[in-house]
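S.K.: Could you have a look at this structure, given as structure tokens, before my questions?
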Amino acid sequence: MKMGFTRVVLWLACATAPIALAAEKVGLIKIDGAIGPATASYVSRSIEEVRDQNAQCLIIQLNTPGGLLDSTQKIVQSFLGSPVPVVVYVAPTGATATSAGCFITLAANVAAMAPATTIGAAHPVSIGGFPGGGEEKPDETMKQKLENFSVSYIETIASKRQRNVEWAKSAVKESASIIAEKALQLKVIDLIATDMPDLLQKLNDRVVNGKPLKTAGAEVAEIRMSAVERVFQKLWRPEVMFILMLIAIYGIIGELSSPGAILPGVVGAIALILALYLAAILPVNVAGLVLIALAFALFIFDVYTPTHGVLTVGGIAAFLIGSLMLFNRADPLFRLSLGFIIPATLVTAAFFVFVIGKGLRAQLLPVKVGKETLMGRTVTALTPIDSRNGRIFVEGEYWNAISDAPIEKGEVAEIAEVQGLTIKLKRKLH
């Protein structure tokens, strides 16, 4: 009896051992690049997933030069409202959490960095620019308002997470930037970890939101971007918007110059919608857009006016300047390189001069073939012509002819109208 009871106990122990020893789960996402709308969506969705999986925490491996302020705010709000602890790990070695990345790192429940990484430089220009973008200096009042907001925002985040408030403010005001070791010393971050296993080991038993984390030996489940998020992450770039804008203009003008082609109009309309969507996200300078629109207007006007190319030259200059002003070239995130601008200027000029220009000029030429060319011509009557019948010879062909006023044989008359295979004449006034 005792032997049977022992066997039952051993069997239950073996059956429950896998459950007891099952590793805890940790969610992982990797952000490598600029912060934008797709990134904010990715972070929010990942927090929901790790909550549903009852994971210990969500680790965000971060390497970013910055991004948009709106997207940064959404990510910070997701962190502050997250039911699951969020760990931001600036990695791998050599990675940066500058600009928007600084806000995001400070907002995490646990902030960690790999050796030889950098954090800081959170001045507001670097997190999406000023409204309107462009290269011109913003209004000083607006600039001061934006800077004051950024300082108070990062101060609130640092206070909430009990991090070095004074350094956080200096990251915005003075674009202060420090390495991982200095960040740990100044209590900007919580720990330094050489790699993911080291991070999991150092997170183990750390109390977050009143609950100790169990991450030692945890199973790391990476959550990848969805297909839609990947597409939009690639789309929200100045180069993409610039190309879409050109496609839209080429397509719409191509459709207007060749009505009924359909394809250019459809492609142009789709590209226009996507370009407008990106214009609502990216810091676009309105003056740049106006100059580009002026350039296309000058190209078209030059077709209809005898300026001998003066307007075309002006259009090329307006397009080049507008392209340079379209985005803030002082901001590396939204700088439209000359490698895009110069070829686009040359292609656009060639497109209008050799394609659209010649097509429109051809439409303006007088008709050289067909019935319309007969109008106003003078002919000699081969037979007497009245309102019922008669004959003439024109353009190598014999035609039936009629006339309201009788015309004698051999008399010269003028073609007034072509009615099918019959020509209507009128007496020529001497």
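The chains in the structure tokens are called A, B, ... from first to last as shown; in each chain the residues are counted from 1, and the ligands are counted from 1 in the order shown.
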Counting only C-alpha atoms, what is within 8 Å of A:Thr345, bar same-chain residues fewer than 6 positions away, as number ranges by chain?
M.R.: A: 316, 319-320
S.K.: Just write the chosen residues, C-alpha atoms, as a PDB file, in the first residue's frame.
M.R.:
ATOM      1  CA  ILE A 316      13.600  74.994 -64.074  1.00  0.00           C
ATOM      2  CA  PHE A 319      11.530  73.713 -59.550  1.00  0.00           C
ATOM      3  CA  LEU A 320      15.128  73.441 -58.312  1.00  0.00           C
TER       4      LEU A 320
END
S.K.: What's around A:Leu106 at 7 Å? Count only C-alpha atoms, leave out sequence neighbours fewer than 4 positions away in its own chain, and write the answer as a ChimeraX atom specification.
M.R.: /A:102,111,157-158
S.K.: Any chance you could export the current selection's N, CA, C and O atoms as a PDB file, in the first residue's frame?
M.R.:
ATOM      1  N   CYS A 102      15.638  59.542 -27.264  1.00  0.00           N
ATOM      2  CA  CYS A 102      15.906  59.944 -25.882  1.00  0.00           C
ATOM      3  C   CYS A 102      14.603  59.984 -25.093  1.00  0.00           C
ATOM      4  O   CYS A 102      14.517  59.477 -23.965  1.00  0.00           O
ATOM      5  N   ALA A 111      15.202  51.446 -18.303  1.00  0.00           N
ATOM      6  CA  ALA A 111      16.034  51.939 -19.405  1.00  0.00           C
ATOM      7  C   ALA A 111      17.398  51.282 -19.313  1.00  0.00           C
ATOM      8  O   ALA A 111      18.065  51.372 -18.278  1.00  0.00           O
ATOM      9  N   ILE A 157       8.340  63.297 -18.153  1.00  0.00           N
ATOM     10  CA  ILE A 157       8.696  61.883 -18.346  1.00  0.00           C
ATOM     11  C   ILE A 157       9.760  61.453 -17.339  1.00  0.00           C
ATOM     12  O   ILE A 157       9.642  60.402 -16.691  1.00  0.00           O
ATOM     13  N   ALA A 158      10.824  62.255 -17.202  1.00  0.00           N
ATOM     14  CA  ALA A 158      11.916  61.910 -16.287  1.00  0.00           C
ATOM     15  C   ALA A 158      11.436  61.857 -14.835  1.00  0.00           C
ATOM     16  O   ALA A 158      11.849  60.975 -14.062  1.00  0.00           O
TER      17      ALA A 158
END
S.K.: With only C-alpha atoms as the atoms that count, which of A:Ile249, A:Val379, A:Ala168, A:Leu282 lies nearest to A:Ala297?
M.R.: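 Using only C-alpha atoms, the shortest distance to A:Ala297 belongs to A:Ile249.
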S.K.: Between A:Leu326, A:Ala317, A:Cys57, A:Ile178, which one has atoms that come closest to A:Arg206, using only C-alpha atoms?
M.R.: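 Checking each candidate against A:Arg206, we get A:Cys57 as the closest.
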S.K.: Could you pull the residues within 10 Å of A:Lys426, counting only C-alpha atoms, minus those fewer than 4 positions along the same chain, as a PyMOL selection string?
M.R.: chain A and resi 376+378+402-407+412-417
S.K.: As an MDAnalysis selection string, please: every residue in stretch 203-327 of chain A that DSSP puts in strand (DSSP E or B).
M.R.: chainID A and resid 207:208 211:212 219:222
S.K.: Keeping all heavy atoms for every residue in the selection just given, could you write it to a file as a PDB file, in the first residue's frame?
M.R.:
ATOM      1  N   VAL A 207      12.013  44.832  -9.319  1.00  0.00           N
ATOM      2  CA  VAL A 207      10.612  45.124  -9.034  1.00  0.00           C
ATOM      3  C   VAL A 207      10.132  46.275  -9.923  1.00  0.00           C
ATOM      4  O   VAL A 207      10.701  47.369  -9.893  1.00  0.00           O
ATOM      5  CB  VAL A 207      10.401  45.486  -7.548  1.00  0.00           C
ATOM      6  CG1 VAL A 207       8.929  45.832  -7.292  1.00  0.00           C
ATOM      7  CG2 VAL A 207      10.837  44.323  -6.661  1.00  0.00           C
ATOM      8  N   VAL A 208       9.102  45.993 -10.717  1.00  0.00           N
ATOM      9  CA  VAL A 208       8.499  46.988 -11.591  1.00  0.00           C
ATOM     10  C   VAL A 208       6.990  46.972 -11.349  1.00  0.00           C
ATOM     11  O   VAL A 208       6.353  45.920 -11.430  1.00  0.00           O
ATOM     12  CB  VAL A 208       8.796  46.699 -13.084  1.00  0.00           C
ATOM     13  CG1 VAL A 208       8.145  47.745 -13.969  1.00  0.00           C
ATOM     14  CG2 VAL A 208      10.294  46.642 -13.334  1.00  0.00           C
ATOM     15  N   LYS A 211       5.862  44.437  -8.788  1.00  0.00           N
ATOM     16  CA  LYS A 211       5.962  43.007  -9.069  1.00  0.00           C
ATOM     17  C   LYS A 211       7.355  42.676  -9.583  1.00  0.00           C
ATOM     18  O   LYS A 211       7.845  43.332 -10.510  1.00  0.00           O
ATOM     19  CB  LYS A 211       4.912  42.613 -10.116  1.00  0.00           C
ATOM     20  CG  LYS A 211       4.921  41.141 -10.489  1.00  0.00           C
ATOM     21  CD  LYS A 211       3.883  40.863 -11.572  1.00  0.00           C
ATOM     22  CE  LYS A 211       3.930  39.416 -12.024  1.00  0.00           C
ATOM     23  NZ  LYS A 211       2.957  39.149 -13.103  1.00  0.00           N
ATOM     24  N   PRO A 212       8.038  41.656  -8.988  1.00  0.00           N
ATOM     25  CA  PRO A 212       9.380  41.304  -9.460  1.00  0.00           C
ATOM     26  C   PRO A 212       9.326  40.600 -10.814  1.00  0.00           C
ATOM     27  O   PRO A 212       8.447  39.777 -11.072  1.00  0.00           O
ATOM     28  CB  PRO A 212       9.904  40.356  -8.372  1.00  0.00           C
ATOM     29  CG  PRO A 212       8.684  39.776  -7.750  1.00  0.00           C
ATOM     30  CD  PRO A 212       7.627  40.835  -7.830  1.00  0.00           C
ATOM     31  N   GLU A 219      12.024  32.727 -22.170  1.00  0.00           N
ATOM     32  CA  GLU A 219      11.919  32.531 -23.622  1.00  0.00           C
ATOM     33  C   GLU A 219      11.647  33.889 -24.274  1.00  0.00           C
ATOM     34  O   GLU A 219      10.682  34.563 -23.940  1.00  0.00           O
ATOM     35  CB  GLU A 219      10.781  31.568 -23.931  1.00  0.00           C
ATOM     36  CG  GLU A 219      10.529  31.383 -25.423  1.00  0.00           C
ATOM     37  CD  GLU A 219       9.238  30.632 -25.705  1.00  0.00           C
ATOM     38  OE1 GLU A 219       8.702  29.996 -24.780  1.00  0.00           O
ATOM     39  OE2 GLU A 219       8.777  30.710 -26.859  1.00  0.00           O
ATOM     40  N   VAL A 220      12.508  34.285 -25.218  1.00  0.00           N
ATOM     41  CA  VAL A 220      12.369  35.568 -25.890  1.00  0.00           C
ATOM     42  C   VAL A 220      11.594  35.360 -27.192  1.00  0.00           C
ATOM     43  O   VAL A 220      12.070  34.670 -28.104  1.00  0.00           O
ATOM     44  CB  VAL A 220      13.735  36.214 -26.174  1.00  0.00           C
ATOM     45  CG1 VAL A 220      13.553  37.538 -26.901  1.00  0.00           C
ATOM     46  CG2 VAL A 220      14.512  36.418 -24.874  1.00  0.00           C
ATOM     47  N   ALA A 221      10.413  35.932 -27.265  1.00  0.00           N
ATOM     48  CA  ALA A 221       9.571  35.801 -28.456  1.00  0.00           C
ATOM     49  C   ALA A 221       9.569  37.138 -29.208  1.00  0.00           C
ATOM     50  O   ALA A 221       9.023  38.123 -28.711  1.00  0.00           O
ATOM     51  CB  ALA A 221       8.158  35.404 -28.058  1.00  0.00           C
ATOM     52  N   GLU A 222      10.191  37.149 -30.364  1.00  0.00           N
ATOM     53  CA  GLU A 222      10.260  38.392 -31.132  1.00  0.00           C
ATOM     54  C   GLU A 222       8.955  38.631 -31.872  1.00  0.00           C
ATOM     55  O   GLU A 222       8.409  37.744 -32.526  1.00  0.00           O
ATOM     56  CB  GLU A 222      11.419  38.351 -32.121  1.00  0.00           C
ATOM     57  CG  GLU A 222      11.584  39.660 -32.882  1.00  0.00           C
ATOM     58  CD  GLU A 222      12.809  39.684 -33.786  1.00  0.00           C
ATOM     59  OE1 GLU A 222      13.636  38.759 -33.701  1.00  0.00           O
ATOM     60  OE2 GLU A 222      12.925  40.640 -34.573  1.00  0.00           O
TER      61      GLU A 222
END
S.K.: Tell me which of A:Val172, A:Ala193, A:Val310, A:Leu62 sits closest to A:Thr39, counting only C-alpha atoms.
M.R.: A:Leu62
S.K.: Might you pull out every residue within 8 Å of A:Leu382, with only C-alpha atoms counted and same-chain residues fewer than 5 positions away left off, and present them as a PyMOL selection string?
M.R.: chain A and resi 390-393+409-410
S.K.: Atoms to include: N, CA, C and O atoms. Write the selected residues as a short mmCIF file (atom, residue, chain, number, x, y, z; two decimals), in the first residue's frame.
M.R.:
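Writing done, so here's out.cif:
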data_model
loop_
_atom_site.label_atom_id
_atom_site.label_comp_id
_atom_site.auth_asym_id
_atom_site.auth_seq_id
_atom_site.Cartn_x
_atom_site.Cartn_y
_atom_site.Cartn_z
N GLY A 390 -24.44 69.62 -109.41
CA GLY A 390 -23.36 70.27 -110.09
C GLY A 390 -22.07 69.50 -109.84
O GLY A 390 -22.04 68.55 -109.04
N ARG A 391 -21.01 69.86 -110.54
CA ARG A 391 -19.75 69.12 -110.39
C ARG A 391 -18.59 70.11 -110.30
O ARG A 391 -18.56 71.13 -110.99
N ILE A 392 -17.59 69.73 -109.44
CA ILE A 392 -16.34 70.49 -109.35
C ILE A 392 -15.19 69.51 -109.22
O ILE A 392 -15.39 68.32 -108.96
N PHE A 393 -13.97 70.01 -109.46
CA PHE A 393 -12.77 69.19 -109.31
C PHE A 393 -11.84 69.90 -108.31
O PHE A 393 -11.46 71.05 -108.51
N LYS A 409 -21.15 77.49 -115.56
CA LYS A 409 -19.97 76.68 -115.87
C LYS A 409 -18.76 77.57 -116.10
O LYS A 409 -18.85 78.58 -116.79
N GLY A 410 -17.61 77.21 -115.50
CA GLY A 410 -16.39 77.98 -115.64
C GLY A 410 -16.28 79.12 -114.66
O GLY A 410 -15.24 79.79 -114.59
#
